[in-house]
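First the structure, in the form of structure tokens, and then the observations on it.
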Amino acid sequence: MKLKRFISVALLVVTSMIGQYKVEWASKFEFNSKLEKDPQFVMADNYNHYLLSVVNVDGMLVNNQVIVRKFDQKNQLVDTYKQEFPDKDSQILHNYFGSYEVGNDKVVVFTESYSNKTKIAAIYKIVFDKATAKFTTTVIASYPILSLSKSGDINVIRSENGNYFGVIYQKYGTKKDPEESDCIVLDGKNLNVVWQKTATFQDEFYTNERVITNSGRIVFVRSPRSYKLLNYITVIDAIGQVNKEVGEEVKLQKPVAVSIGTQDYLVAFNYPTKGVRGGDFENLMLYDLESGKILKNNKFKDFNSIKDLKEVNVRNVFLQNNEIYLFTEGKFQLGTRATTTSFGSAGFPEPIFKNGPANLILLSFTGDLLKNIKLPTDATDADVTRSFGLLNIRGSYFLNTGYASGFFTLTPASGFTTRASQVNFSYSNDPYYNTGSGIFMNQLVRYFPDNNRLVFARIHSDGQMSLVNVTDFKP
């Protein structure tokens with residue numbers, strides 16, 4: 001009798017959960033997860049949304065192109081647009097520097113082409129406009145180079161608020177030469193040049209990190225070639241460049257620029273450059289760019305126990321309730337795998353990278369570490385999918401961690417996460433479950449507020465992808 005009552009209650013719960021939402025799977029379409037990198041949902045409106053990805057392969061199997069796929073409200077593929085990288089030639093190499101939304105109707109892709117043949121390195125912006133369904137390719141700058149190995153370094157960075165892009169070309173030089181970097185700042189709304197300037201340094205330091213602030217200033221972190229010297233920071237704008245002291249003997253790791261009111265700050269993991277250290281990410285600081293001071297440098301021990309941890313990336317930053325929300329994701333090496341050359345012979349082993357751990361870290365506006373929340377994620381293939389996808393819906397946070405861990409609602413005030421009962425795929429009618437279902441691409445999740453709809457993406461073992469609608473989602 002008790003068993004029957006339990007089954008009845010369970011069925012009632014499942015039925016009520018199913019009634020809260022509706023799951024609709026769309027048809028599969030071709031998607032090469034080994035070649036297509038940095039996939040993003042972009043340019044969404046009430047009628048269509050787009051999937052942007054980039055292929056960047058040089059050599060005998062050269063394939064360099066931007067791919068934009070258009071979908072309707074039912075996630076059915078409507079059209080596919082492709083654009084080759086500029087300067088297509090078997091002797092020309094290409095680099096990819098990132099893809100970004102520009103407003104809600106355009107996307108931009110930044111690339112570089114360079115070769116021994118032309119002795120030129122050229123930086124391009126490739127823009128797709130959904131109104132015309134056409135690509136436009138424009139050269140941002142070009143530079144003479146000595147050779148492929150002596151071509152200089154290029155970085156493209158975006159401010160956290162999306163208002164600015166920084167395009168930085170560090171010219172090739174020996175340790176004895178002055179370090180020169182051409183800095184170009186683009187408007188994030190129209191991609192026009194806001195200012196440009198050449199930053200020059202003549203000291204025993206080198207630039208190892210670059211970031212652009214929400215006010216459109218470029219920040220260089222300068223590290224010494226000698227252990228006797230201290231790091232410093234240089235802030236560059238249209239007028240000139242100003243040096244700032246760090247204040248402690250530490251090595252900054254991938255700083256992120258944030259703004260509190262009109263003031264610019266840096267958030268950065270770091271470690272002491274002298275003495276015994278616990279790990280490369282054992283401290284977390286908040287640095288005031290105006291005063292040139294560290295407001296607080298907190299001890300942070302979570303990452304010290306992760307073997308072969310290579311980097312920690314701040315994936316998302318939000319300011320809320322006088323607090324800084326940092327959604328972070330680690331990346332560690334898990335062995336190596338064998339490779340083969342294009343001729344079929346054995347190649348050099350390549351490292352295998354996995355994502356993890358993932359944390360939500362809360363800082364006060366004065367830099368104090370308030371909370372560190374471990375996010376419920378599994379280690380994922382760093383070449384394909386991230387640990388999580390994040391939605392910020394009117395100040396409430398939702399975390400997509402794939403099929404195994406599920407879709408979570410985040411409660412920072414309580415310091416824990418709970419499974420969002422409205423979205424549980426085990427109750428959905430999945431037509432591909434027994435046909436090589438593959439894995440969810442966690443970072444691909446989008447919310448449509450006008451009709452309370454969620455869209456997820458899953459890659460399949462047969463080289464295809466499918467999208468799923470969850471309608472009647474009530475955040």
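Numbering starts fresh at 1 for the residues of each chain in the structure tokens, the chains themselves are lettered A, B, ... in the order given, and ligands are numbered from 1 as they appear.
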
From a DSSP pass on the backbone, collect the residues of range 288-425 of chain A flagged as alpha helix (DSSP H) and hand them back as a list in words.
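Here are the alpha helix (DSSP H) residues of range 288-425 of chain A: Gly402, Tyr403, Ala404 and Ser405 of chain A.
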
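Residues lying within 9 Å of Ser364 in chain A, counting only C-alpha atoms and ignoring same-chain neighbours fewer than 5 positions away, are Asn322, Glu323, Ile324, Leu369 and Leu370 of chain A.
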
Quick one: of A:Ile154, A:Leu229, A:Leu286, A:Leu186, who's nearest to Arg217 in chain A, counting only C-alpha atoms?
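Answer, going by the shortest atom-to-atom distance: A:Leu186.
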
Surrounding residues of Phe165 in chain A excluding itself and chain neighbours under 5 positions, 10 Å, only C-alpha atoms, as a PyMOL selection string:
chain A and resi 100+156-160+184-189+191-194+211-214+216-218

Out of range 129-212 of chain A, which residues get strand (DSSP E) from DSSP, as JSON, numbers by chain?
{"A": [129, 134, 135, 136, 137, 138, 139, 140, 141, 142, 143, 144, 153, 154, 155, 156, 157, 158, 164, 165, 166, 167, 168, 169, 170, 179, 180, 181, 182, 183, 184, 185, 186, 187, 193, 194, 195, 196, 197, 198, 199, 200, 201, 205, 206, 207, 208, 209, 210, 211, 212]}

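Non-sequential neighbours of Leu319 in chain A (distance at most 12 Å, separation of 6 or more positions within a chain, only C-alpha atoms) are Glu160, Asn161, Val258, Ser259, Ile260, Gly261, Tyr325, Leu326, Phe327, Ile361, Leu362, Leu363, Ser364, Phe365, Asn392 and Gly395 of chain A.
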
List the spatial neighbours of Leu309 in chain A as a ChimeraX atom specification - criterion: any atom at most 7 Å away, only C-alpha atoms, same-chain residues fewer than 2 positions off excluded.
/A:306-307,311,331-333

Now that the selection is made, can you save its residues with all heavy atoms as a compact mmCIF listing (two decimals), in the first residue's frame?
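Result file is out_15.txt:
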# COMPACT_ATOMS: atom_id res chain seq x y z
N ILE A 306 44.96 21.62 -7.27
CA ILE A 306 44.65 21.11 -8.60
C ILE A 306 45.95 20.82 -9.34
O ILE A 306 46.72 21.74 -9.64
CB ILE A 306 43.79 22.10 -9.41
CG1 ILE A 306 42.57 22.51 -8.61
CG2 ILE A 306 43.39 21.48 -10.74
CD1 ILE A 306 41.66 21.39 -8.23
N LYS A 307 46.20 19.57 -9.64
CA LYS A 307 47.44 19.19 -10.32
C LYS A 307 47.43 19.66 -11.77
O LYS A 307 46.43 19.55 -12.46
CB LYS A 307 47.60 17.66 -10.28
CG LYS A 307 48.91 17.18 -10.88
CD LYS A 307 49.01 15.67 -10.81
CE LYS A 307 50.32 15.18 -11.46
NZ LYS A 307 50.42 13.70 -11.44
N GLU A 311 45.64 27.51 -16.10
CA GLU A 311 45.11 28.86 -16.09
C GLU A 311 43.76 28.88 -15.39
O GLU A 311 43.08 27.85 -15.25
CB GLU A 311 44.96 29.42 -17.51
CG GLU A 311 44.10 28.61 -18.43
CD GLU A 311 44.15 29.08 -19.87
OE1 GLU A 311 45.25 29.24 -20.42
OE2 GLU A 311 43.05 29.31 -20.43
N LYS A 331 41.52 25.50 -15.98
CA LYS A 331 41.90 24.65 -17.10
C LYS A 331 43.15 23.88 -16.70
O LYS A 331 44.15 24.50 -16.32
CB LYS A 331 42.16 25.49 -18.36
CG LYS A 331 42.57 24.70 -19.59
CD LYS A 331 42.79 25.65 -20.76
CE LYS A 331 43.27 24.92 -22.00
NZ LYS A 331 43.51 25.86 -23.13
N PHE A 332 43.09 22.54 -16.75
CA PHE A 332 44.23 21.74 -16.33
C PHE A 332 44.57 20.69 -17.39
O PHE A 332 43.74 20.35 -18.24
CB PHE A 332 43.96 21.06 -14.98
CG PHE A 332 42.83 20.05 -15.01
CD1 PHE A 332 43.08 18.70 -15.22
CD2 PHE A 332 41.52 20.45 -14.82
CE1 PHE A 332 42.06 17.78 -15.24
CE2 PHE A 332 40.47 19.53 -14.84
CZ PHE A 332 40.74 18.19 -15.05
N GLN A 333 45.81 20.21 -17.36
CA GLN A 333 46.25 19.21 -18.32
C GLN A 333 46.03 17.81 -17.75
O GLN A 333 46.40 17.54 -16.61
CB GLN A 333 47.72 19.39 -18.69
CG GLN A 333 48.19 18.41 -19.75
CD GLN A 333 49.63 18.66 -20.21
OE1 GLN A 333 50.17 19.74 -19.98
NE2 GLN A 333 50.24 17.68 -20.85
